[in-house]
>>> print(open('final17.txt').read())   # compact mmCIF, C-alpha atoms
# COMPACT_ATOMS: atom_id res chain seq x y z
CA MET A 1 -137.19 202.30 7.75
CA THR A 2 -134.30 202.63 5.35
CA ASP A 3 -130.57 203.11 5.78
CA ALA A 4 -128.58 204.82 3.05
CA ARG A 5 -126.55 201.72 2.27
CA PRO A 6 -127.04 198.50 0.30
CA PRO A 7 -127.95 195.35 2.21
CA GLY A 8 -124.92 193.46 3.47
CA ALA A 9 -124.09 190.05 4.84
CA ASP A 10 -125.61 190.80 8.24
CA GLU A 11 -128.93 191.71 6.64
CA ALA A 12 -128.89 188.61 4.45
CA THR A 13 -128.17 186.39 7.45
CA PHE A 14 -130.89 188.11 9.43
CA ILE A 15 -133.43 187.71 6.62
CA ALA A 16 -132.55 184.05 6.28
CA ALA A 17 -133.07 183.53 10.01
CA ALA A 18 -136.38 185.41 9.90
CA ARG A 19 -137.67 183.41 6.95
CA SER A 20 -136.53 180.09 8.35
CA GLY A 21 -139.43 180.05 10.77
CA ASP A 22 -137.06 178.68 13.39
CA PRO A 23 -137.49 180.70 16.62
CA ALA A 24 -134.25 179.34 18.11
CA ARG A 25 -132.25 180.45 15.07
CA PHE A 26 -133.90 183.86 15.09
CA ALA A 27 -133.30 184.25 18.83
CA LEU A 28 -129.63 183.37 18.43
CA ILE A 29 -129.05 186.12 15.89
CA THR A 30 -131.02 188.80 17.78
CA GLU A 31 -129.57 187.94 21.20
CA ARG A 32 -126.27 189.68 20.36
CA HIS A 33 -128.12 193.01 20.61
CA ARG A 34 -129.61 192.36 24.07
CA ARG A 35 -127.23 194.48 26.14
CA GLU A 36 -127.39 197.60 24.01
CA LEU A 37 -131.19 197.34 23.78
CA LEU A 38 -131.35 196.89 27.55
CA VAL A 39 -129.37 200.10 28.05
CA HIS A 40 -131.65 201.85 25.54
CA CYS A 41 -134.80 200.76 27.37
CA TYR A 42 -133.25 201.76 30.69
CA ARG A 43 -132.59 205.27 29.36
CA MET A 44 -136.23 205.47 28.33
CA LEU A 45 -137.68 204.03 31.57
CA ALA A 46 -135.11 204.57 34.39
CA ASN A 47 -136.06 201.20 35.84
CA TYR A 48 -133.89 198.12 35.36
CA GLU A 49 -136.66 195.55 35.83
CA ASP A 50 -138.96 197.35 33.38
CA ALA A 51 -136.06 197.63 30.91
CA GLN A 52 -135.55 193.86 31.12
CA ASP A 53 -139.26 193.30 30.43
CA LEU A 54 -139.32 195.71 27.49
CA THR A 55 -136.17 194.22 26.00
CA GLN A 56 -137.86 190.84 26.04
CA GLU A 57 -140.98 192.44 24.58
CA THR A 58 -138.78 193.83 21.79
CA PHE A 59 -137.60 190.34 20.87
CA LEU A 60 -141.17 189.00 20.92
CA ARG A 61 -142.38 191.82 18.68
CA ALA A 62 -139.42 191.29 16.37
CA TRP A 63 -140.31 187.61 16.00
CA HIS A 64 -143.94 188.39 15.22
CA LYS A 65 -142.93 191.14 12.77
CA ARG A 66 -140.03 189.23 11.23
CA GLU A 67 -141.62 189.09 7.79
CA SER A 68 -141.58 192.91 7.66
CA PHE A 69 -137.78 193.02 7.73
CA GLN A 70 -136.64 193.42 4.14
CA GLY A 71 -133.02 194.41 4.65
CA HIS A 72 -133.59 198.11 3.94
CA ALA A 73 -132.28 198.85 7.45
CA THR A 74 -129.68 197.11 9.56
CA PRO A 75 -131.05 194.54 12.02
CA ARG A 76 -129.75 196.79 14.81
CA THR A 77 -131.72 199.81 13.51
CA TRP A 78 -134.84 197.69 13.10
CA LEU A 79 -134.58 196.36 16.65
CA TYR A 80 -133.98 199.83 18.10
CA ARG A 81 -137.11 201.05 16.35
CA ILE A 82 -139.15 198.22 17.85
CA ALA A 83 -137.65 198.76 21.32
CA THR A 84 -138.32 202.50 21.25
CA ASN A 85 -141.94 202.06 20.30
CA ALA A 86 -142.41 199.28 22.85
CA CYS A 87 -141.16 201.69 25.54
CA LEU A 88 -143.45 204.44 24.27
CA ASP A 89 -146.43 202.08 24.39
CA PHE A 90 -145.50 201.21 27.97
CA LEU A 91 -145.18 204.87 28.94
CA ASP A 92 -148.50 205.72 27.28
CA LYS A 93 -150.16 203.19 29.57
CA ARG A 94 -148.19 204.36 32.61
CA ASP A 95 -148.49 208.13 32.21
CA ASN A 96 -147.77 208.57 35.92
CA ARG A 97 -144.13 207.77 35.08
CA THR A 98 -143.59 211.11 33.34
CA PRO A 99 -142.60 213.75 35.92
CA VAL A 100 -143.59 217.35 35.39
CA PRO A 101 -140.56 219.19 33.90
CA SER A 102 -140.42 221.78 36.64
CA GLY A 103 -137.02 221.22 38.20
CA LEU A 104 -138.41 218.81 40.73
CA PRO A 105 -135.87 216.76 42.70
CA ASP A 106 -134.53 213.34 41.81
CA SER A 107 -136.95 211.62 44.15
CA GLU A 108 -139.79 212.63 41.84
CA LEU A 109 -138.77 209.34 40.20
CA PRO A 110 -139.74 206.70 42.78
CA TYR A 111 -139.33 204.04 40.10
CA LEU A 112 -135.62 204.83 39.53
CA GLN A 113 -133.43 201.74 39.90
CA PRO A 114 -129.66 201.26 39.67
CA TYR A 115 -128.12 199.69 36.57
CA PRO A 116 -125.47 196.92 36.85
CA ASP A 117 -122.21 197.71 35.08
CA ARG A 118 -121.83 194.06 34.06
CA MET A 119 -124.76 194.52 31.67
CA LEU A 120 -123.15 197.32 29.68
CA PRO A 121 -122.65 196.58 25.98
CA GLU A 122 -119.58 194.50 25.27
CA ASP A 123 -118.54 196.67 22.32
CA PRO A 124 -116.00 199.18 23.73
CA GLN A 125 -117.40 202.15 21.78
CA ASP A 126 -120.99 201.43 22.84
CA ALA A 127 -119.86 200.90 26.42
CA ALA A 128 -117.96 204.20 26.46
CA VAL A 129 -121.01 206.15 25.28
CA ALA A 130 -123.17 204.27 27.76
CA ARG A 131 -121.02 205.39 30.67
CA GLU A 132 -122.34 208.94 30.81
CA THR A 133 -125.80 208.14 29.51
CA ILE A 134 -126.62 205.77 32.34
CA GLU A 135 -125.25 208.01 35.09
CA LEU A 136 -128.07 208.82 37.47
CA ALA A 137 -127.96 212.54 36.71
CA PHE A 138 -128.50 211.86 33.00
CA ILE A 139 -131.20 209.25 33.56
CA VAL A 140 -133.11 211.56 35.90
CA ALA A 141 -132.79 214.50 33.52
CA VAL A 142 -134.09 212.48 30.56
CA GLN A 143 -137.16 211.44 32.56
CA HIS A 144 -138.21 215.10 32.68
CA LEU A 145 -138.80 214.98 28.93
CA PRO A 146 -142.24 213.91 27.66
CA PRO A 147 -141.99 210.37 26.27
CA ARG A 148 -141.79 211.16 22.54
CA GLN A 149 -139.46 214.07 23.14
CA ARG A 150 -137.37 211.68 25.22
CA ALA A 151 -137.29 209.17 22.37
CA VAL A 152 -136.28 211.85 19.86
CA PHE A 153 -133.50 213.09 22.13
CA ILE A 154 -132.08 209.60 22.73
CA LEU A 155 -132.25 208.56 19.08
CA ARG A 156 -130.79 211.84 17.78
CA ASP A 157 -128.31 212.98 20.43
CA VAL A 158 -127.29 209.70 22.07
CA LEU A 159 -127.42 207.23 19.19
CA GLY A 160 -126.67 209.84 16.53
CA TRP A 161 -129.52 208.98 14.19
CA PRO A 162 -130.28 211.55 11.45
CA ALA A 163 -133.59 213.37 11.59
CA PRO A 164 -135.25 211.48 8.68
CA LYS A 165 -134.38 208.11 10.19
CA THR A 166 -135.71 209.22 13.60
CA ALA A 167 -138.89 210.60 12.02
CA GLU A 168 -139.55 207.32 10.24
CA ALA A 169 -138.94 205.27 13.37
CA LEU A 170 -141.40 207.33 15.42
CA ASP A 171 -143.91 207.99 12.62
CA LEU A 172 -143.28 211.75 12.83
CA THR A 173 -142.37 214.45 10.35
CA VAL A 174 -138.80 215.69 10.13
CA ALA A 175 -140.00 219.13 11.20
CA SER A 176 -141.62 217.74 14.34
CA VAL A 177 -138.47 215.77 15.18
CA THR A 178 -136.36 218.90 14.82
CA SER A 179 -138.74 220.88 17.01
CA ALA A 180 -138.88 218.15 19.67
CA LEU A 181 -135.09 217.91 19.75
CA GLN A 182 -134.71 221.66 20.24
CA ARG A 183 -137.14 221.62 23.16
CA ALA A 184 -135.46 218.54 24.66
CA ARG A 185 -132.04 220.18 24.54
CA VAL A 186 -133.36 223.22 26.40
CA THR A 187 -134.71 220.99 29.17
CA MET A 188 -131.50 218.97 29.34
CA ARG A 189 -129.41 222.11 29.68
CA THR A 190 -131.65 223.15 32.56
CA GLN A 191 -131.41 219.76 34.24
CA LEU A 192 -127.68 219.28 33.60
CA PRO A 193 -126.09 222.72 33.83
CA GLY A 194 -122.47 222.78 32.81
CA ARG A 195 -122.57 219.31 31.25
CA ARG A 196 -121.77 218.76 27.61
CA LEU A 197 -124.68 217.64 25.45
CA ASP A 198 -122.75 215.83 22.74
CA TRP A 199 -123.50 212.39 24.14
CA ARG A 200 -122.32 210.71 20.93
CA SER A 201 -118.74 211.61 21.85
CA PRO A 202 -117.88 208.86 24.32
CA ALA A 203 -116.52 209.78 27.68
CA THR A 204 -113.05 208.41 28.31
CA HIS A 205 -113.16 208.95 32.06
CA GLU A 206 -112.57 205.98 34.31
CA LEU A 207 -112.66 206.02 38.06
CA SER A 208 -109.61 207.88 39.31
CA SER A 209 -107.44 206.79 42.21
CA ASP A 210 -108.88 209.74 44.17
CA GLU A 211 -112.45 208.52 43.55
CA ARG A 212 -111.53 205.01 44.62
CA GLY A 213 -109.89 206.46 47.71
CA VAL A 214 -113.03 208.42 48.65
CA VAL A 215 -115.21 205.31 48.27
CA GLN A 216 -112.87 203.28 50.45
CA SER A 217 -112.73 206.08 53.03
CA TYR A 218 -116.55 206.18 53.03
CA ILE A 219 -116.63 202.44 53.74
CA ASP A 220 -113.88 202.67 56.36
CA ALA A 221 -115.75 205.44 58.20
CA HIS A 222 -118.81 203.17 58.39
CA GLN A 223 -116.78 200.22 59.60
CA ARG A 224 -115.16 202.30 62.35
CA ASN A 225 -118.37 204.23 63.10
CA ASP A 226 -116.18 207.30 62.66
CA LEU A 227 -118.79 210.00 62.21
CA ASP A 228 -116.23 212.81 62.05
CA ALA A 229 -114.45 211.07 59.19
CA LEU A 230 -117.77 210.44 57.45
CA THR A 231 -118.76 214.10 57.83
CA SER A 232 -115.43 215.25 56.41
CA LEU A 233 -116.08 213.29 53.20
CA LEU A 234 -119.34 215.11 52.47
CA ARG A 235 -119.53 218.45 50.73
CA ASP A 236 -121.36 221.09 52.72
CA ASP A 237 -124.01 221.48 50.02
CA LEU A 238 -124.58 217.74 49.76
CA ARG A 239 -127.53 216.54 47.67
CA PHE A 240 -128.88 213.39 49.30
CA ALA A 241 -131.69 211.02 48.35
CA MET A 242 -132.63 207.60 49.71
CA LEU A 243 -134.92 206.01 47.15
CA PRO A 244 -137.74 205.21 47.07
CA ASP A 245 -138.30 207.53 50.06
CA PRO A 246 -139.61 210.95 48.97
CA GLY A 247 -137.44 214.02 48.96
CA THR A 248 -134.01 214.92 47.66
CA VAL A 249 -132.38 217.06 50.32
CA THR A 250 -129.65 219.64 49.93
CA THR A 251 -128.08 219.71 53.35
CA THR A 252 -124.89 220.41 55.26
CA ALA A 253 -122.58 217.51 55.92
CA LYS A 254 -123.19 217.69 59.66
CA ASP A 255 -126.96 217.83 59.31
CA ALA A 256 -126.88 214.86 56.92
CA VAL A 257 -124.95 212.71 59.39
CA ASP A 258 -127.11 213.91 62.30
CA GLY A 259 -130.18 212.90 60.31
CA TRP A 260 -128.81 209.41 59.72
CA ILE A 261 -128.08 209.07 63.43
CA SER A 262 -131.56 210.24 64.40
CA GLY A 263 -132.93 207.64 62.00
CA GLY A 264 -131.17 204.94 63.99
CA LEU A 265 -127.99 204.38 61.97
CA PHE A 266 -124.70 204.14 63.86
CA GLN A 267 -126.67 203.45 67.04
CA PRO A 268 -126.39 200.18 69.04
CA GLY A 269 -127.77 197.41 66.87
CA HIS A 270 -127.08 199.40 63.71
CA ASP A 271 -123.37 200.03 64.10
CA ASP A 272 -121.65 196.87 62.83
CA TRP A 273 -120.83 197.65 59.19
CA ARG A 274 -118.87 196.12 56.37
CA GLY A 275 -118.61 197.38 52.81
CA ILE A 276 -117.55 196.61 49.26
CA ALA A 277 -116.29 199.23 46.82
CA THR A 278 -117.89 198.82 43.40
CA THR A 279 -119.37 200.76 40.48
CA VAL A 280 -123.04 201.00 39.55
CA ASN A 281 -124.40 203.07 36.66
CA ARG A 282 -120.68 203.53 35.95
CA MET A 283 -120.43 205.63 39.11
CA PRO A 284 -118.39 205.08 42.27
CA ALA A 285 -120.51 203.11 44.71
CA ALA A 286 -120.33 201.51 48.13
CA ALA A 287 -122.32 198.39 48.94
CA LEU A 288 -122.99 198.52 52.67
CA TYR A 289 -123.61 195.45 54.82
CA LEU A 290 -125.05 195.57 58.35
CA ARG A 291 -124.93 192.90 61.05
CA THR A 292 -127.80 193.25 63.47
CA PRO A 293 -128.08 191.54 66.87
CA GLY A 294 -128.81 187.85 66.63
CA HIS A 295 -127.44 187.43 63.11
CA PRO A 296 -124.03 185.87 62.46
CA GLU A 297 -123.48 187.56 59.09
CA HIS A 298 -123.40 191.08 57.72
CA ARG A 299 -126.36 191.27 55.35
CA LEU A 300 -126.65 193.56 52.33
CA PHE A 301 -128.36 196.71 53.52
CA ALA A 302 -127.97 199.55 51.01
CA ILE A 303 -125.92 200.74 48.09
CA ALA A 304 -124.72 204.33 47.91
CA LEU A 305 -123.93 205.88 44.53
CA LEU A 306 -121.49 208.75 44.93
CA HIS A 307 -120.84 211.75 42.72
CA ILE A 308 -117.39 212.89 43.80
CA VAL A 309 -116.09 216.40 43.10
CA ASP A 310 -112.60 217.50 44.16
CA GLY A 311 -112.24 214.68 46.65
CA GLU A 312 -115.62 215.26 48.33
CA ILE A 313 -119.01 213.59 47.96
CA ALA A 314 -121.26 216.17 46.29
CA GLU A 315 -124.24 213.87 45.66
CA LEU A 316 -125.22 210.67 47.45
CA THR A 317 -128.07 208.56 46.13
CA GLY A 318 -128.90 205.57 48.28
CA PHE A 319 -130.94 202.54 47.27
CA ASP A 320 -132.35 199.78 49.41
CA ALA A 321 -130.22 196.94 48.07
CA THR A 322 -132.24 194.04 49.47
CA GLY A 323 -134.39 193.84 46.34
CA THR A 324 -131.72 194.23 43.67
CA PRO A 325 -130.47 190.72 42.79
CA TRP A 326 -129.48 191.90 39.33
CA LEU A 327 -126.55 193.83 40.84
CA ASP A 328 -124.86 190.48 41.61
CA LEU A 329 -123.70 191.61 45.03
CA PRO A 330 -123.11 188.99 47.71
CA PRO A 331 -126.22 188.86 49.91
CA ALA A 332 -124.06 188.52 53.01
CA LEU A 333 -120.46 188.83 54.15
>>> encode(input="final17.txt", output="structure tokens")
Amino acid sequence: MTDARPPGADEATFIAAARSGDPARFALITERHRRELLVHCYRMLANYEDAQDLTQETFLRAWHKRESFQGHATPRTWLYRIATNACLDFLDKRDNRTPVPSGLPDSELPYLQPYPDRMLPEDPQDAAVARETIELAFIVAVQHLPPRQRAVFILRDVLGWPAPKTAEALDLTVASVTSALQRARVTMRTQLPGRRLDWRSPATHELSSDERGVVQSYIDAHQRNDLDALTSLLRDDLRFAMLPDPGTVTTTAKDAVDGWISGGLFQPGHDDWRGIATTVNRMPAAALYLRTPGHPEHRLFAIALLHIVDGEIAELTGFDATGTPWLDLPPAL
């Protein structure tokens, strides 16, 4: 892979580390790219644990292929190429991870996991772009693309790579990259109606005071077991999913709350709540803690990611939070 620029100091330093034969030195110079590669693998796979594994696989492949780096590309470009192909190899072996692009609901992705904001890239520009491209709606939409189409879309429209560079990275022709990108954009417009598709222009949006207020009201309603207040926060065409349970449901606010009650929530033994307002996948989120009879503490129960529109919760995606240590939430309050 080549970049249209002469080798610079970074490339020379990287080559020296590669040729030193010192794995610790090589690891030190590649480690600075971990967070952005982790986000990249997460976009490809929609699963945080798999993204961690594939990021580590990227570094292992880079070490074994270190002699192939000649400085014709930036170290960052070279590592992205390795990471993308490592993800594609993984997806080729796990073909059941590619949902049929037929407008199926979010829960068609039982492997979807939340992404911790603390692991966003440290570079402000990279972090700003990452904000929208790790939102659940984007991640789910991307998963409806076949793997190589997905890779083309992410490299071209998210990272802003030119077609020749993308073609070389994926061992494709420029014509096939162009065709794949056109098809991917059609699918993304279907999956994300009304959303802009220029993902290279970073979003500047931060959580508003209104969004923070809705999250806190959501937590307060749980803590008071105030079902009327909880119902009033939900839009009447709420889209709700509790992963990994099957089925995204579009429901009325009242029916959603009635369903939670019939499932045992807010009933004796499941009515002592505490909560923490946070962000996950750069979205407003509420970490909910439940104290059950016989236990002195409120233990982490679930995390709810909220898409808030005009002061109401339009989409609520819940995750069982007991198996998500990477979110760094207190296990108990």
>>> closest_residue(input="final17.txt", among="A:His40, A:Thr250, A:Arg224, A:Leu54", to="Phe153 (chain A)", atoms="all atoms listed in the file")
A:His40
>>> atom_distance(input="final17.txt", atom1="CA of Gly259 (chain A)", atom2="CA of Asp320 (chain A)")
17.2 Å
>>> closest_residue(input="final17.txt", among="A:Glu297, A:Asp22, A:Glu315, A:Asp328", to="Val280 (chain A)", atoms="all atoms listed in the file")
A:Asp328
>>> residues_around(input="final17.txt", residues="Asp272 (chain A)", least_positions_apart="2", cutoff="7 Å", atoms="all atoms listed in the file", output="list in words")
Gln223, His270, Leu290 and Arg291 of chain A
>>> atom_distance(input="final17.txt", atom1="CA of Pro75 (chain A)", atom2="CA of Ala151 (chain A)")
19.0 Å
>>> closest_residue(input="final17.txt", among="A:Glu168, A:Ala314, A:Gly275, A:Ala285", to="Arg299 (chain A)", atoms="all atoms listed in the file")
A:Gly275
>>> atom_distance(input="final17.txt", atom1="CA of Asn85 (chain A)", atom2="CA of Pro325 (chain A)")
27.7 Å
>>> residues_around(input="final17.txt", residues="Phe26 (chain A)", least_positions_apart="2", cutoff="10 Å", atoms="all atoms listed in the file", output="ChimeraX atom specification")
/A:13-24,28-31,59,62-63,66
>>> residues_near_point(input="final17.txt", point="(-130.0, 215.4, 20.5)", cutoff="12 Å", atoms="all atoms listed in the file", output="PyMOL selection string")
chain A and resi 142+149-163+166+177-189+196-201
>>> closest_residue(input="final17.txt", among="A:Gly264, A:Pro116, A:Gly269, A:Pro284", to="Ile313 (chain A)", atoms="all atoms listed in the file")
A:Pro284
>>> closest_residue(input="final17.txt", among="A:Asp220, A:Glu312, A:Glu135, A:Asp255", to="Ser232 (chain A)", atoms="only C-alpha atoms")
A:Glu312
>>> axis_aligned_box(input="final17.txt", around="region 54-65 of chain A", padding_each_side="6 Å", output="JSON")
{"center_x": -140.1, "center_y": 191.7, "center_z": 20.1, "size_x": 19.8, "size_y": 20.1, "size_z": 26.7}
>>> residues_near_point(input="final17.txt", point="(-139.1, 205.5, 17.4)", cutoff="6 Å", atoms="all atoms listed in the file", output="compact mmCIF listing (two decimals) with C-alpha atoms, keeping the file's coordinate frame")
# COMPACT_ATOMS: atom_id res chain seq x y z
CA ARG A 81 -137.11 201.05 16.35
CA THR A 84 -138.32 202.50 21.25
CA ASN A 85 -141.94 202.06 20.30
CA ALA A 169 -138.94 205.27 13.37
CA LEU A 170 -141.40 207.33 15.42
>>> closest_residue(input="final17.txt", among="A:Ala27, A:Leu37, A:Ile219, A:Leu207", to="Ile308 (chain A)", atoms="only C-alpha atoms")
A:Leu207
>>> residues_around(input="final17.txt", residues="Val257 (chain A)", least_positions_apart="5", cutoff="9 Å", atoms="only C-alpha atoms", output="list in words")
Leu227, Leu230, Thr231, Thr252 and Ser262 of chain A
>>> write_last_selection(input="final17.txt", atoms="C-alpha atoms", output="PDB file, in the frame of the given file")
ATOM      1  CA  LEU A 227    -118.790 210.000  62.210  1.00  0.00           C
ATOM      2  CA  LEU A 230    -117.770 210.440  57.450  1.00  0.00           C
ATOM      3  CA  THR A 231    -118.760 214.100  57.830  1.00  0.00           C
ATOM      4  CA  THR A 252    -124.890 220.410  55.260  1.00  0.00           C
ATOM      5  CA  SER A 262    -131.560 210.240  64.400  1.00  0.00           C
TER       6      SER A 262
END
>>> residues_around(input="final17.txt", residues="region 44-50 of chain A", least_positions_apart="4", cutoff="7 Å", atoms="only C-alpha atoms", output="number ranges by chain")
A: 40, 54, 87, 111-115, 139
>>> residues_around(input="final17.txt", residues="Thr317 (chain A)", least_positions_apart="5", cutoff="10 Å", atoms="only C-alpha atoms", output="PyMOL selection string")
chain A and resi 106-107+114+136+239-243+248+285+303-307
